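Below is my_file.cif, holding mmCIF, C-alpha atoms.
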data_work
#
loop_
_atom_site.label_atom_id
_atom_site.label_comp_id
_atom_site.auth_asym_id
_atom_site.auth_seq_id
_atom_site.Cartn_x
_atom_site.Cartn_y
_atom_site.Cartn_z
CA MET A 666 20.71 1.85 -37.21
CA THR A 667 20.21 -0.49 -34.31
CA GLN A 668 16.76 -1.07 -32.80
CA LEU A 669 15.45 2.31 -31.68
CA ASP A 670 13.34 3.08 -28.62
CA VAL A 671 11.32 5.81 -30.33
CA GLU A 672 9.34 6.73 -27.20
CA ALA A 673 12.54 7.19 -25.17
CA ILE A 674 13.95 9.36 -27.96
CA ARG A 675 10.65 11.31 -28.01
CA ARG A 676 11.07 12.10 -24.31
CA GLN A 677 14.62 13.32 -24.99
CA VAL A 678 13.44 15.43 -27.94
CA ARG A 679 10.69 17.00 -25.80
CA ALA A 680 13.34 17.96 -23.23
CA LEU A 681 15.40 19.83 -25.86
CA ASP A 682 15.20 23.60 -26.11
CA PHE A 683 14.33 24.38 -29.73
CA VAL A 684 11.78 26.30 -31.75
CA ARG A 685 9.21 23.90 -33.15
CA GLY A 686 8.01 24.36 -36.70
CA THR A 687 4.74 26.05 -37.50
CA SER A 688 1.81 24.08 -38.91
CA ALA A 689 2.68 25.32 -42.40
CA GLU A 690 6.33 24.32 -42.01
CA VAL A 691 5.42 20.89 -40.67
CA ALA A 692 3.07 20.37 -43.64
CA MET A 693 5.91 21.24 -46.01
CA TRP A 694 8.31 18.93 -44.15
CA ASN A 695 5.75 16.11 -44.34
CA ASP A 696 5.53 16.61 -48.11
CA ASP A 697 9.31 16.56 -48.36
CA ASP A 698 9.45 13.37 -46.28
CA ALA A 699 6.86 11.72 -48.53
CA ASP A 700 8.97 12.63 -51.57
CA SER A 701 12.11 11.25 -49.91
CA ARG A 702 10.40 7.99 -49.00
CA ALA A 703 9.06 7.66 -52.55
CA ASN A 704 12.60 8.16 -53.89
CA LEU A 705 13.89 5.47 -51.54
CA ALA A 706 11.20 3.10 -52.78
CA ILE A 707 12.15 3.83 -56.40
CA GLU A 708 15.74 2.92 -55.52
CA GLY A 709 14.54 -0.30 -53.91
CA LEU A 710 15.44 0.86 -50.43
CA THR A 711 13.09 0.62 -47.49
CA LEU A 712 13.22 1.97 -43.99
CA GLU A 713 13.01 -0.40 -41.05
CA PRO A 714 9.82 -0.01 -38.95
CA ASP A 715 11.69 1.70 -36.10
CA GLU A 716 13.28 4.12 -38.58
CA VAL A 717 9.83 4.97 -39.95
CA GLY A 718 8.70 5.50 -36.36
CA LEU A 719 11.66 7.78 -35.64
CA PHE A 720 11.09 9.99 -38.66
CA ASP A 721 7.33 10.10 -38.03
CA MET A 722 7.97 11.07 -34.40
CA LEU A 723 10.36 13.86 -35.43
CA ARG A 724 7.64 15.28 -37.70
CA ASP A 725 4.98 14.82 -34.97
CA GLU A 726 7.19 16.81 -32.60
CA ALA A 727 7.68 19.54 -35.25
CA VAL A 728 11.47 19.15 -35.17
CA PRO A 729 13.08 21.36 -37.83
CA PRO A 730 15.03 19.38 -40.46
CA PRO A 731 18.50 20.65 -39.40
CA LEU A 732 17.90 19.48 -35.82
CA ALA A 733 16.33 16.23 -37.05
CA THR A 734 19.50 15.59 -39.05
CA GLN A 735 21.64 16.22 -35.97
CA ILE A 736 19.50 13.83 -33.92
CA VAL A 737 19.91 11.08 -36.51
CA LEU A 738 23.67 11.71 -36.72
CA LYS A 739 23.89 11.51 -32.93
CA LEU A 740 21.93 8.24 -32.86
CA LEU A 741 24.27 6.83 -35.50
CA GLY A 742 27.35 7.92 -33.54
CA HIS A 743 28.49 9.90 -36.58
CA PRO A 744 31.59 12.12 -36.07
CA ASP A 745 29.71 15.16 -37.44
CA ALA A 746 27.04 14.88 -34.74
CA ASP A 747 26.80 17.68 -32.20
CA PRO A 748 28.46 16.23 -29.09
CA MET A 749 26.41 18.56 -26.87
CA LEU A 750 23.06 17.25 -28.18
CA ALA A 751 21.32 15.43 -25.34
CA VAL A 752 19.82 12.59 -27.39
CA GLY A 753 20.86 9.01 -27.73
#
How would this structure read if it were set down as structure tokens?
Amino acid sequence: MTQLDVEAIRRQVRALDFVRGTSAEVAMWNDDDADSRANLAIEGLTLEPDEVGLFDMLRDEAVPPPLATQIVLKLLGHPDADPMLAVG
């Protein structure tokens, strides 16, 4: 990814119409994220600071994983990204 303006992306995420996760769901997603980051570390891979900030922000905003995936795809300009998603 290129350098990300996480706060600008946060404003765009807050403008989206979606159902935020419950406290219990967010706790589970945080655990899953911790596991994923641990697996990356085991593989010798590290996230850039702005990537860490992006993923932390998505959890802070209680973005469900399927939408979080679409946001990342959109930011990457991936062909599978939802072209109607107003982020990026």
Please evaluate the PyMOL selection byres ((chain A and resi 733) around 12) against the structure above and give the resulting residues as a PDB file with C-alpha atoms, in the frame of the given file.
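To be explicit, this is the file written out as out-v6.pdb:
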ATOM      1  CA  ILE A 674      13.950   9.360 -27.960  1.00  0.00           C
ATOM      2  CA  ARG A 675      10.650  11.310 -28.010  1.00  0.00           C
ATOM      3  CA  VAL A 678      13.440  15.430 -27.940  1.00  0.00           C
ATOM      4  CA  LEU A 681      15.400  19.830 -25.860  1.00  0.00           C
ATOM      5  CA  PHE A 683      14.330  24.380 -29.730  1.00  0.00           C
ATOM      6  CA  ARG A 685       9.210  23.900 -33.150  1.00  0.00           C
ATOM      7  CA  GLY A 686       8.010  24.360 -36.700  1.00  0.00           C
ATOM      8  CA  TRP A 694       8.310  18.930 -44.150  1.00  0.00           C
ATOM      9  CA  ASP A 698       9.450  13.370 -46.280  1.00  0.00           C
ATOM     10  CA  LEU A 719      11.660   7.780 -35.640  1.00  0.00           C
ATOM     11  CA  PHE A 720      11.090   9.990 -38.660  1.00  0.00           C
ATOM     12  CA  ASP A 721       7.330  10.100 -38.030  1.00  0.00           C
ATOM     13  CA  MET A 722       7.970  11.070 -34.400  1.00  0.00           C
ATOM     14  CA  LEU A 723      10.360  13.860 -35.430  1.00  0.00           C
ATOM     15  CA  ARG A 724       7.640  15.280 -37.700  1.00  0.00           C
ATOM     16  CA  ASP A 725       4.980  14.820 -34.970  1.00  0.00           C
ATOM     17  CA  GLU A 726       7.190  16.810 -32.600  1.00  0.00           C
ATOM     18  CA  ALA A 727       7.680  19.540 -35.250  1.00  0.00           C
ATOM     19  CA  VAL A 728      11.470  19.150 -35.170  1.00  0.00           C
ATOM     20  CA  PRO A 729      13.080  21.360 -37.830  1.00  0.00           C
ATOM     21  CA  PRO A 730      15.030  19.380 -40.460  1.00  0.00           C
ATOM     22  CA  PRO A 731      18.500  20.650 -39.400  1.00  0.00           C
ATOM     23  CA  LEU A 732      17.900  19.480 -35.820  1.00  0.00           C
ATOM     24  CA  THR A 734      19.500  15.590 -39.050  1.00  0.00           C
ATOM     25  CA  GLN A 735      21.640  16.220 -35.970  1.00  0.00           C
ATOM     26  CA  ILE A 736      19.500  13.830 -33.920  1.00  0.00           C
ATOM     27  CA  VAL A 737      19.910  11.080 -36.510  1.00  0.00           C
ATOM     28  CA  LEU A 738      23.670  11.710 -36.720  1.00  0.00           C
ATOM     29  CA  LYS A 739      23.890  11.510 -32.930  1.00  0.00           C
ATOM     30  CA  LEU A 740      21.930   8.240 -32.860  1.00  0.00           C
ATOM     31  CA  ALA A 746      27.040  14.880 -34.740  1.00  0.00           C
ATOM     32  CA  ASP A 747      26.800  17.680 -32.200  1.00  0.00           C
ATOM     33  CA  LEU A 750      23.060  17.250 -28.180  1.00  0.00           C
ATOM     34  CA  VAL A 752      19.820  12.590 -27.390  1.00  0.00           C
TER      35      VAL A 752
END
Exercise for review: Given the file shown, determine the residues that the PyMOL selection byres ((chain A and resi 715) around 9) selects; report them as an MDAnalysis selection string.
Suggested key: chainID A and resid 667:671 712:714 716:720
Exercise for review: Work out how far apart CA of Gly753 (chain A) and CA of Val684 (chain A) are and give it in Å to one decimal.
Suggested key: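 According to the coordinates, CA of Gly753 (chain A) and CA of Val684 (chain A) are separated by 19.9 Å.
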Check your understanding: So how far away is CA of Asp745 (chain A) from CA of Ala673 (chain A), in Å?
Key ->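 Going from CA of Ala673 (chain A) over to CA of Asp745 (chain A) covers 22.6 Å.
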Check your understanding: Which distance in Å separates CA of Leu741 (chain A) and CA of Ala706 (chain A), to one decimal?
Key ->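 Computed distance, CA of Leu741 (chain A) to CA of Ala706 (chain A), equals 22.0 Å.
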Hey, could you pull the box centre and edge lengths for region 721-725 of chain A, axis-aligned, 5 Å padding per side, all listed atoms, to one decimal in Å, as JSON?
{"center_x": 7.7, "center_y": 12.7, "center_z": -36.2, "size_x": 15.4, "size_y": 15.2, "size_z": 13.6}
